[in-house]
$ cat start_29.csv   # CSV, C-alpha atoms
chain,number,residue,atom,x,y,z
A,7,MET,CA,76.3,89.7,78.5
A,8,LYS,CA,77.6,92.5,80.6
A,9,PHE,CA,80.9,94.2,80.1
A,10,ALA,CA,83.0,96.4,82.4
A,11,VAL,CA,85.8,98.7,81.1
A,12,LEU,CA,88.1,99.7,83.9
A,13,VAL,CA,89.2,103.3,84.1
A,14,PHE,CA,92.5,104.3,85.8
A,15,PRO,CA,93.9,107.8,86.0
A,16,GLY,CA,95.6,108.0,82.6
A,17,SER,CA,93.5,105.4,80.7
A,18,ASN,CA,92.8,106.7,77.2
A,19,CYS,CA,91.4,103.8,75.3
A,20,ASP,CA,88.5,103.2,77.6
A,21,ILE,CA,86.0,104.9,75.4
A,22,ASP,CA,87.3,103.0,72.3
A,23,ALA,CA,86.7,99.8,74.2
A,24,VAL,CA,83.2,100.9,75.2
A,25,LYS,CA,82.3,101.9,71.6
A,26,ALA,CA,83.7,98.6,70.2
A,27,VAL,CA,81.5,96.5,72.6
A,28,GLU,CA,78.5,98.7,71.8
A,29,ASP,CA,79.0,98.8,68.0
A,30,VAL,CA,80.1,95.2,67.4
A,31,LEU,CA,78.0,93.4,70.0
A,32,GLN,CA,75.2,95.8,71.1
A,33,GLN,CA,75.7,94.5,74.7
A,34,PRO,CA,75.6,96.6,77.9
A,35,VAL,CA,78.9,98.0,78.9
A,36,ASP,CA,79.9,100.2,81.9
A,37,THR,CA,83.0,102.2,82.6
A,38,VAL,CA,84.2,101.3,86.1
A,39,TRP,CA,86.5,103.6,88.2
A,40,HIS,CA,89.5,101.8,89.6
A,41,HIS,CA,88.4,102.4,93.2
A,42,THR,CA,85.6,99.9,92.7
A,43,ASP,CA,86.1,96.7,94.6
A,44,ASP,CA,83.2,94.6,93.3
A,45,LEU,CA,83.0,93.4,89.7
A,46,SER,CA,80.7,90.4,90.3
A,47,ASP,CA,78.0,91.9,88.1
A,48,TYR,CA,80.1,91.6,85.0
A,49,ASP,CA,80.7,88.7,82.6
A,50,CYS,CA,83.7,90.3,80.9
A,51,ILE,CA,86.2,92.8,82.2
A,52,ILE,CA,88.3,94.9,79.8
A,53,VAL,CA,91.5,96.5,81.1
A,54,PRO,CA,92.0,99.2,78.5
A,55,GLY,CA,95.1,100.9,77.0
A,56,GLY,CA,96.5,104.2,78.1
A,57,PHE,CA,99.1,105.4,80.5
A,58,SER,CA,97.7,104.5,83.9
A,59,TYR,CA,99.4,106.7,86.6
A,60,GLY,CA,101.3,108.3,83.8
A,61,ASP,CA,103.4,105.1,83.4
A,62,TYR,CA,105.4,106.6,86.3
A,63,LEU,CA,107.7,104.1,88.0
A,64,ARG,CA,106.9,101.3,85.5
A,65,CYS,CA,104.0,100.9,83.0
A,66,GLY,CA,101.1,99.2,84.8
A,67,ALA,CA,102.9,99.0,88.2
A,68,MET,CA,100.7,101.3,90.2
A,69,ALA,CA,97.5,100.4,88.5
A,70,SER,CA,98.1,96.8,89.4
A,71,LEU,CA,97.8,97.8,93.1
A,72,SER,CA,94.4,99.6,92.6
A,73,PRO,CA,91.5,98.1,94.6
A,74,VAL,CA,89.7,97.1,91.4
A,75,MET,CA,92.5,94.7,90.5
A,76,GLU,CA,91.7,92.6,93.6
A,77,ALA,CA,88.2,92.3,92.2
A,78,VAL,CA,89.6,91.4,88.8
A,79,LYS,CA,91.7,88.6,90.4
A,80,ARG,CA,88.6,87.2,92.1
A,81,GLU,CA,86.6,87.3,88.9
A,82,ALA,CA,89.5,85.7,87.0
A,83,GLU,CA,89.5,82.8,89.4
A,84,LYS,CA,85.8,82.3,88.8
A,85,GLY,CA,86.6,81.9,85.1
A,86,LYS,CA,85.2,85.3,84.0
A,87,PHE,CA,86.7,86.6,80.7
A,88,ILE,CA,89.4,89.2,81.3
A,89,ILE,CA,91.1,91.1,78.5
A,90,GLY,CA,94.0,93.5,78.9
A,91,ILE,CA,94.9,95.6,75.9
A,92,CYS,CA,98.2,97.4,75.7
A,93,ASN,CA,98.6,99.2,79.1
A,94,GLY,CA,95.9,96.6,80.2
A,95,PHE,CA,98.3,93.8,79.2
A,96,GLN,CA,101.1,95.5,81.2
A,97,ILE,CA,98.8,95.8,84.2
A,98,LEU,CA,97.8,92.1,84.0
A,99,THR,CA,101.5,91.0,84.0
A,100,GLU,CA,102.2,93.3,86.9
A,101,THR,CA,99.4,91.7,88.9
A,102,GLY,CA,100.7,88.3,88.1
A,103,LEU,CA,97.5,87.3,86.3
A,104,LEU,CA,99.7,86.7,83.2
A,105,PRO,CA,103.4,85.7,83.2
A,106,GLY,CA,106.3,87.8,82.0
A,107,ALA,CA,106.8,91.5,81.7
A,108,LEU,CA,106.8,94.3,79.0
A,109,ARG,CA,110.1,96.2,78.4
A,110,HIS,CA,110.9,99.3,76.3
A,111,ASN,CA,110.7,98.6,72.6
A,112,ASN,CA,114.2,97.6,71.3
A,113,THR,CA,113.6,100.0,68.4
A,114,MET,CA,113.8,103.0,70.8
A,115,GLN,CA,110.6,104.3,69.1
A,116,PHE,CA,107.0,104.6,70.1
A,117,ARG,CA,105.5,102.4,67.4
A,118,CYS,CA,102.0,103.4,66.2
A,119,GLU,CA,101.0,101.4,63.1
A,120,ILE,CA,98.8,98.6,61.8
A,121,THR,CA,100.6,95.3,62.3
A,122,PRO,CA,99.9,91.9,60.9
A,123,LEU,CA,99.4,89.3,63.5
A,124,VAL,CA,99.1,85.5,63.1
A,125,VAL,CA,96.5,83.8,65.2
A,126,GLU,CA,98.4,81.0,67.0
A,127,ASN,CA,95.6,79.7,69.1
A,128,ALA,CA,92.0,79.9,67.9
A,129,ASP,CA,90.8,77.8,70.8
A,130,THR,CA,90.3,80.5,73.4
A,131,PRO,CA,87.2,82.4,74.3
A,132,PHE,CA,88.8,85.4,72.5
A,133,THR,CA,89.6,83.8,69.2
A,134,LEU,CA,86.8,81.3,68.5
A,135,ASP,CA,85.8,83.4,65.4
A,136,TYR,CA,89.3,83.2,64.0
A,137,GLN,CA,91.1,80.2,62.4
A,138,LYS,CA,94.5,79.1,63.6
A,139,GLY,CA,97.0,80.6,61.2
A,140,ASP,CA,94.8,83.6,60.2
A,141,VAL,CA,96.7,86.7,59.6
A,142,VAL,CA,94.9,89.8,60.9
A,143,ASN,CA,95.7,93.5,60.8
A,144,ILE,CA,95.5,95.1,64.2
A,145,PRO,CA,97.1,98.4,65.2
A,146,ILE,CA,99.7,98.9,67.9
A,147,ALA,CA,100.5,102.1,69.8
A,148,HIS,CA,103.2,101.6,72.4
A,149,GLY,CA,106.6,102.4,73.6
A,150,GLU,CA,106.9,99.5,76.0
A,151,GLY,CA,105.5,96.4,74.2
A,152,ASN,CA,108.7,94.3,74.2
A,153,TYR,CA,107.4,91.1,75.8
A,154,TYR,CA,109.8,89.2,78.0
A,155,ALA,CA,109.6,85.9,79.7
A,156,ASP,CA,112.5,83.8,81.1
A,157,GLU,CA,113.3,80.5,79.3
A,158,ALA,CA,111.3,78.3,81.7
A,159,THR,CA,108.2,80.6,81.4
A,160,LEU,CA,108.5,80.7,77.7
A,161,ALA,CA,108.8,76.9,77.4
A,162,ARG,CA,105.6,76.6,79.6
A,163,LEU,CA,103.7,79.2,77.4
A,164,ASN,CA,104.6,77.3,74.3
A,165,ALA,CA,103.9,73.8,75.8
A,166,ASN,CA,100.5,75.0,77.0
A,167,ASN,CA,99.7,76.7,73.8
A,168,GLN,CA,99.2,80.0,75.6
A,169,VAL,CA,100.7,82.2,72.9
A,170,VAL,CA,97.6,83.6,71.2
A,171,PHE,CA,99.0,86.1,68.8
A,172,ARG,CA,102.5,86.7,67.2
A,173,TYR,CA,103.6,89.5,65.0
A,174,HIS,CA,103.7,88.2,61.5
A,175,GLU,CA,106.6,89.1,59.2
A,176,CYS,CA,107.4,92.2,61.3
A,177,ASP,CA,109.1,92.8,64.6
A,178,PRO,CA,107.9,96.2,65.9
A,179,ASN,CA,109.3,96.0,69.5
A,180,GLY,CA,111.7,93.1,69.9
A,181,SER,CA,109.3,90.8,71.8
A,182,ILE,CA,110.7,87.4,72.6
A,183,GLU,CA,109.5,85.0,69.8
A,184,ARG,CA,107.5,87.9,68.4
A,185,ILE,CA,104.8,87.4,71.0
A,186,ALA,CA,102.0,89.9,70.7
A,187,GLY,CA,99.4,88.3,73.0
A,188,ILE,CA,99.2,85.5,75.6
A,189,CYS,CA,96.5,83.9,77.7
A,190,ASN,CA,96.6,82.2,81.1
A,191,GLU,CA,96.6,78.4,81.5
A,192,ALA,CA,92.8,78.4,82.1
A,193,ARG,CA,92.3,80.5,78.8
A,194,ASN,CA,90.0,83.0,80.4
A,195,VAL,CA,92.6,85.8,80.7
A,196,LEU,CA,94.1,87.4,77.6
A,197,GLY,CA,96.7,90.1,77.4
A,198,MET,CA,97.8,91.7,74.1
A,199,MET,CA,99.7,94.8,73.0
A,200,PRO,CA,97.8,95.4,69.8
A,201,HIS,CA,94.4,97.2,69.9
A,202,PRO,CA,91.5,95.1,68.6
A,203,GLU,CA,89.1,97.8,69.7
A,204,ARG,CA,90.7,100.2,67.2
A,205,ALA,CA,90.1,97.7,64.3
A,206,VAL,CA,86.3,97.2,64.3
A,207,HIS,CA,85.4,99.1,61.1
A,208,ASP,CA,86.9,99.4,57.7
A,209,LEU,CA,86.9,103.2,58.2
A,210,LEU,CA,89.5,102.6,60.9
A,211,GLY,CA,91.8,100.9,58.5
A,212,SER,CA,90.8,97.3,59.5
A,213,ALA,CA,87.8,95.5,60.8
A,214,ASP,CA,89.9,92.4,61.8
A,215,GLY,CA,89.5,93.1,65.6
A,216,LYS,CA,85.7,92.5,65.4
A,217,ALA,CA,86.0,88.8,65.6
A,218,LEU,CA,87.7,89.1,68.9
A,219,PHE,CA,84.6,90.7,70.4
A,220,THR,CA,82.2,88.3,68.6
A,221,SER,CA,84.3,85.4,69.9
A,222,ILE,CA,83.8,86.6,73.5
A,223,LEU,CA,80.1,86.8,73.1
A,224,LYS,CA,80.0,83.4,71.4
A,225,ALA,CA,82.0,81.8,74.2
A,226,TRP,CA,79.8,83.4,76.9
A,227,GLU,CA,76.6,82.2,75.1
A,228,GLY,CA,78.2,78.7,74.9
A,229,ARG,CA,78.7,78.7,78.6
A,230,GLN,CA,75.1,79.8,79.2
A,231,ARG,CA,73.8,76.9,77.2
A,232,ALA,CA,76.1,74.4,78.9
B,7,MET,CA,114.4,109.3,110.2
B,8,ILE,CA,116.1,107.0,107.8
B,9,LEU,CA,116.7,107.7,104.1
B,10,ALA,CA,116.8,104.7,101.8
B,11,ARG,CA,118.8,105.2,98.6
B,12,ILE,CA,117.4,102.6,96.2
B,13,HIS,CA,118.8,101.7,92.8
B,14,VAL,CA,116.6,99.7,90.5
B,15,THR,CA,118.2,98.3,87.3
B,16,LEU,CA,117.3,95.8,84.6
B,17,LYS,CA,118.8,92.4,85.2
B,18,ALA,CA,122.0,91.7,83.2
B,19,SER,CA,120.1,89.3,81.0
B,20,VAL,CA,117.5,91.9,80.0
B,21,LEU,CA,118.1,94.2,77.0
B,22,ASP,CA,118.3,97.8,78.0
B,23,PRO,CA,117.4,99.9,74.9
B,24,GLN,CA,117.9,103.2,76.7
B,25,GLY,CA,121.4,102.2,77.7
B,26,THR,CA,122.2,100.9,74.2
B,27,ALA,CA,121.1,104.3,72.7
B,28,VAL,CA,123.3,106.2,75.2
B,29,THR,CA,126.3,103.9,74.4
B,30,LYS,CA,125.9,104.8,70.8
B,31,SER,CA,125.8,108.5,71.5
B,32,LEU,CA,128.9,108.3,73.7
B,33,HIS,CA,130.7,106.5,70.9
B,34,ALA,CA,129.5,109.3,68.5
B,35,LEU,CA,131.2,111.7,70.9
B,36,GLY,CA,134.4,109.8,70.6
B,37,TYR,CA,134.3,107.9,73.9
B,38,ASP,CA,135.2,104.7,72.3
B,39,GLU,CA,136.4,103.2,75.6
B,40,VAL,CA,132.7,102.9,76.7
B,41,THR,CA,131.7,99.2,76.4
B,42,ASP,CA,128.3,99.3,78.0
B,43,VAL,CA,125.7,101.7,79.6
B,44,ARG,CA,122.9,100.5,81.8
B,45,ILE,CA,120.2,102.9,82.8
B,46,GLY,CA,118.1,102.4,85.9
B,47,LYS,CA,116.2,104.3,88.5
B,48,PHE,CA,117.3,106.0,91.6
B,49,LEU,CA,114.7,106.4,94.4
B,50,GLU,CA,115.1,108.2,97.7
B,51,VAL,CA,112.5,107.0,100.2
B,52,LYS,CA,112.4,108.5,103.7
B,53,VAL,CA,110.9,106.4,106.4
B,54,ASP,CA,109.9,107.6,109.8
B,55,THR,CA,111.8,105.2,112.0
B,56,THR,CA,115.2,105.1,113.7
B,57,ASP,CA,115.4,101.3,113.7
B,58,ARG,CA,117.6,100.2,110.8
B,59,ALA,CA,116.5,96.6,111.0
B,60,VAL,CA,112.8,97.7,110.6
B,61,ALA,CA,113.7,100.1,107.8
B,62,GLU,CA,115.6,97.4,106.0
B,63,GLU,CA,112.7,94.9,106.2
B,64,ARG,CA,110.1,97.5,105.1
B,65,ILE,CA,112.2,98.8,102.2
B,66,THR,CA,112.8,95.3,101.0
B,67,GLU,CA,109.1,94.7,101.0
B,68,MET,CA,108.5,97.9,99.1
B,69,CYS,CA,111.0,96.9,96.5
B,70,GLU,CA,109.5,93.5,96.1
B,71,LYS,CA,105.9,94.7,95.9
B,72,LEU,CA,106.1,97.9,93.9
B,73,LEU,CA,109.4,99.6,93.4
B,74,SER,CA,110.9,96.9,91.2
B,75,ASN,CA,109.5,94.2,88.9
B,76,THR,CA,111.5,91.3,89.9
B,77,VAL,CA,110.7,89.5,86.6
B,78,ILE,CA,113.1,91.9,84.8
B,79,GLU,CA,114.7,94.1,87.4
B,80,LYS,CA,117.0,93.9,90.4
B,81,TYR,CA,117.3,96.4,93.3
B,82,GLU,CA,119.8,97.4,95.9
B,83,PHE,CA,119.7,100.0,98.6
B,84,GLN,CA,121.7,101.8,101.3
B,85,LEU,CA,120.2,103.3,104.4
B,86,VAL,CA,121.5,106.6,105.8
B,87,GLU,CA,120.5,108.8,108.7
B,88,ALA,CA,118.3,111.6,107.4
$ encode --input "start_29.csv" --output "structure tokens"
Amino acid sequence: MKFAVLVFPGSNCDIDAVKAVEDVLQQPVDTVWHHTDDLSDYDCIIVPGGFSYGDYLRCGAMASLSPVMEAVKREAEKGKFIIGICNGFQILTETGLLPGALRHNNTMQFRCEITPLVVENADTPFTLDYQKGDVVNIPIAHGEGNYYADEATLARLNANNQVVFRYHECDPNGSIERIAGICNEARNVLGMMPHPERAVHDLLGSADGKALFTSILKAWEGRQRA
Amino acid sequence: MILARIHVTLKASVLDPQGTAVTKSLHALGYDEVTDVRIGKFLEVKVDTTDRAVAEERITEMCEKLLSNTVIEKYEFQLVEA
């Protein structure tokens, strides 16, 4: 299984994502510059955290118009696995691959801490190795992680079981219904503010993010057999 | 040359933490008459045309595609001769 980690000017969690894939899965992974317009070689595309284009204008806005995002949209339509983490989540909402938007934290703070999340949907390619209701510890590091969707969108997300993670017994940023991560209707695109790639070893304070990566590999292997 | 003066602000229904913080600071200074502050962005975009209709169409497109996120923001602009 081949992974791509996109790199925009300002990405700073790209290497963390590469290391997580290498260490947890021992699978090939390339960093891919945002001018690339072909991602057809890859089975999973990670849009990493950071501050693409310095977060100028709006977080994720300019990155969403990079040539590579057209390629991401094409691969998403084919059903490839796409995961946007933190700034990557912001980029995926800006492209329209995921609904809603991320606003400034209501706490007026940049929040950088390990947060408990509850796994709301264990039936996605990203959460197969979790159980519904599991509480996992995954760090956040963001100033603009306050998820917003209008009522109609929110109703649709809940009805389709697209909320994948919620903050558990904490509210670090004011997200509507404490949403921490959502997927698209087809389940192959995930966006989340917390950083699973920073939680793949006990030395990092938590290894609870590992299962997210093993889930992706398991889902991909399942597809190969089918 | 036409200059577009564009204001992008959060929709009224969307919480504005920056504005809330500034409201509190103004209250701390004694400006108790302040009931609300909303913070947005002001952009000046120069376009190389003299045709106002064209400029209006192009600026609207720019606002829809990049300069604002219409999920949470609204925009308005004025065009002036530059």
$ closest_residue --input "start_29.csv" --among "A:Ile88, A:Ala213, A:Leu108, A:Cys176" --to "chain B" --atoms "only C-alpha atoms"
A:Leu108
$ interface_residues --input "start_29.csv" --of "chain A" --to "chain B" --cutoff "7 Å" --atoms "all atoms listed in the file" --output "list in words"
Ala67, Gly106, Ala107, His110, Asn112 and Met114 of chain A
$ residues_around --input "start_29.csv" --residues "Met7 (chain B)" --least-positions-apart "6" --cutoff "6 Å" --atoms "all atoms listed in the file" --output "VMD selection string"
chain B and resid 53 to 56 88
$ atom_distance --input "start_29.csv" --atom1 "CA of Glu62 (chain B)" --atom2 "CA of Gln96 (chain A)"
28.8 Å
$ atom_distance --input "start_29.csv" --atom1 "CA of Asp43 (chain A)" --atom2 "CA of Arg231 (chain A)"
29.1 Å
$ atom_distance --input "start_29.csv" --atom1 "CA of Gly187 (chain A)" --atom2 "CA of Glu28 (chain A)"
23.4 Å
$ residues_around --input "start_29.csv" --residues "region 57-59 of chain A" --least-positions-apart "4" --cutoff "12 Å" --atoms "all atoms listed in the file" --output "VMD selection string"
chain A and resid 12 to 20 40 53 63 to 72 91 to 97 147 to 150
$ closest_residue --input "start_29.csv" --among "A:Val35, A:Val27, A:Met7, A:Ile89" --to "Val206 (chain A)" --atoms "only C-alpha atoms"
A:Val27
$ closest_residue --input "start_29.csv" --among "A:Asp36, A:Asp135, A:Asp22, A:Asp61" --to "Arg204 (chain A)" --atoms "only C-alpha atoms"
A:Asp22
$ decode --input "start_29.csv" --residues "region 112-125 of chain A" --atoms "all heavy atoms" --output "tab-separated table (two decimals), in the first residue's frame"
chain	number	residue	atom	x	y	z
A	112	ASN	N	-13.32	29.17	20.30
A	112	ASN	CA	-14.09	30.12	21.11
A	112	ASN	C	-13.35	30.49	22.40
A	112	ASN	O	-13.68	31.47	23.05
A	112	ASN	CB	-15.48	29.54	21.44
A	112	ASN	CG	-15.40	28.37	22.38
A	112	ASN	OD1	-14.37	27.71	22.48
A	112	ASN	ND2	-16.48	28.09	23.07
A	113	THR	N	-12.32	29.72	22.75
A	113	THR	CA	-11.57	29.98	23.97
A	113	THR	C	-10.57	31.13	23.79
A	113	THR	O	-9.94	31.53	24.77
A	113	THR	CB	-10.77	28.74	24.39
A	113	THR	OG1	-9.94	28.37	23.27
A	113	THR	CG2	-11.67	27.59	24.74
A	114	MET	N	-10.40	31.57	22.57
A	114	MET	CA	-9.41	32.61	22.23
A	114	MET	C	-7.99	32.14	22.52
A	114	MET	O	-7.08	32.94	22.72
A	114	MET	CB	-9.71	33.92	22.98
A	114	MET	CG	-11.03	34.51	22.58
A	114	MET	SD	-11.41	36.02	23.47
A	114	MET	CE	-12.15	35.41	24.95
A	115	GLN	N	-7.79	30.83	22.62
A	115	GLN	CA	-6.45	30.29	22.89
A	115	GLN	C	-6.05	29.36	21.75
A	115	GLN	O	-6.91	28.73	21.14
A	115	GLN	CB	-6.46	29.45	24.16
A	115	GLN	CG	-6.72	30.20	25.44
A	115	GLN	CD	-6.99	29.25	26.58
A	115	GLN	OE1	-7.75	28.30	26.43
A	115	GLN	NE2	-6.40	29.51	27.71
A	116	PHE	N	-4.74	29.28	21.53
A	116	PHE	CA	-4.22	28.17	20.74
A	116	PHE	C	-4.17	26.99	21.69
A	116	PHE	O	-3.53	27.07	22.73
A	116	PHE	CB	-2.81	28.50	20.22
A	116	PHE	CG	-2.26	27.46	19.29
A	116	PHE	CD1	-2.39	27.60	17.91
A	116	PHE	CD2	-1.62	26.32	19.78
A	116	PHE	CE1	-1.89	26.63	17.06
A	116	PHE	CE2	-1.13	25.35	18.93
A	116	PHE	CZ	-1.26	25.52	17.56
A	117	ARG	N	-4.88	25.92	21.39
A	117	ARG	CA	-4.95	24.79	22.32
A	117	ARG	C	-4.00	23.70	21.87
A	117	ARG	O	-4.06	23.24	20.72
A	117	ARG	CB	-6.38	24.23	22.40
A	117	ARG	CG	-7.41	25.26	22.87
A	117	ARG	CD	-7.17	25.73	24.31
A	117	ARG	NE	-7.38	24.71	25.31
A	117	ARG	CZ	-8.52	24.56	25.99
A	117	ARG	NH1	-9.55	25.34	25.76
A	117	ARG	NH2	-8.62	23.61	26.91
A	118	CYS	N	-3.11	23.29	22.76
A	118	CYS	CA	-2.11	22.27	22.44
A	118	CYS	C	-2.05	21.32	23.62
A	118	CYS	O	-1.41	21.60	24.63
A	118	CYS	CB	-0.75	22.95	22.22
A	118	CYS	SG	0.53	21.82	21.67
A	119	GLU	N	-2.79	20.22	23.52
A	119	GLU	CA	-2.89	19.30	24.66
A	119	GLU	C	-3.45	17.96	24.18
A	119	GLU	O	-4.06	17.89	23.10
A	119	GLU	CB	-3.83	19.90	25.72
A	119	GLU	CG	-5.25	20.12	25.22
A	119	GLU	CD	-5.98	21.29	25.87
A	119	GLU	OE1	-5.34	22.33	26.11
A	119	GLU	OE2	-7.18	21.17	26.12
A	120	ILE	N	-3.27	16.94	25.00
A	120	ILE	CA	-3.87	15.65	24.67
A	120	ILE	C	-5.36	15.72	25.02
A	120	ILE	O	-5.72	16.15	26.12
A	120	ILE	CB	-3.17	14.51	25.43
A	120	ILE	CG1	-1.77	14.30	24.81
A	120	ILE	CG2	-3.99	13.23	25.36
A	120	ILE	CD1	-1.01	13.12	25.35
A	121	THR	N	-6.21	15.37	24.06
A	121	THR	CA	-7.66	15.42	24.31
A	121	THR	C	-8.26	14.02	24.21
A	121	THR	O	-7.88	13.25	23.33
A	121	THR	CB	-8.39	16.31	23.29
A	121	THR	OG1	-8.02	15.90	21.98
A	121	THR	CG2	-8.08	17.77	23.48
A	122	PRO	N	-9.20	13.70	25.10
A	122	PRO	CA	-9.93	12.44	24.93
A	122	PRO	C	-11.00	12.60	23.84
A	122	PRO	O	-11.71	13.60	23.81
A	122	PRO	CB	-10.57	12.22	26.30
A	122	PRO	CG	-10.61	13.56	26.95
A	122	PRO	CD	-9.58	14.43	26.31
A	123	LEU	N	-11.05	11.61	22.95
A	123	LEU	CA	-12.07	11.60	21.89
A	123	LEU	C	-12.88	10.34	22.04
A	123	LEU	O	-12.35	9.29	22.42
A	123	LEU	CB	-11.42	11.55	20.50
A	123	LEU	CG	-10.35	12.57	20.14
A	123	LEU	CD1	-9.85	12.27	18.72
A	123	LEU	CD2	-10.92	13.97	20.22
A	124	VAL	N	-14.14	10.42	21.69
A	124	VAL	CA	-14.93	9.20	21.64
A	124	VAL	C	-15.11	8.83	20.16
A	124	VAL	O	-15.34	9.69	19.31
A	124	VAL	CB	-16.29	9.35	22.39
A	124	VAL	CG1	-17.16	10.44	21.78
A	124	VAL	CG2	-17.03	8.03	22.45
A	125	VAL	N	-14.92	7.55	19.88
A	125	VAL	CA	-15.08	7.06	18.51
A	125	VAL	C	-16.58	6.86	18.28
A	125	VAL	O	-17.20	6.00	18.88
A	125	VAL	CB	-14.32	5.74	18.29
A	125	VAL	CG1	-14.52	5.23	16.87
A	125	VAL	CG2	-12.84	5.92	18.60
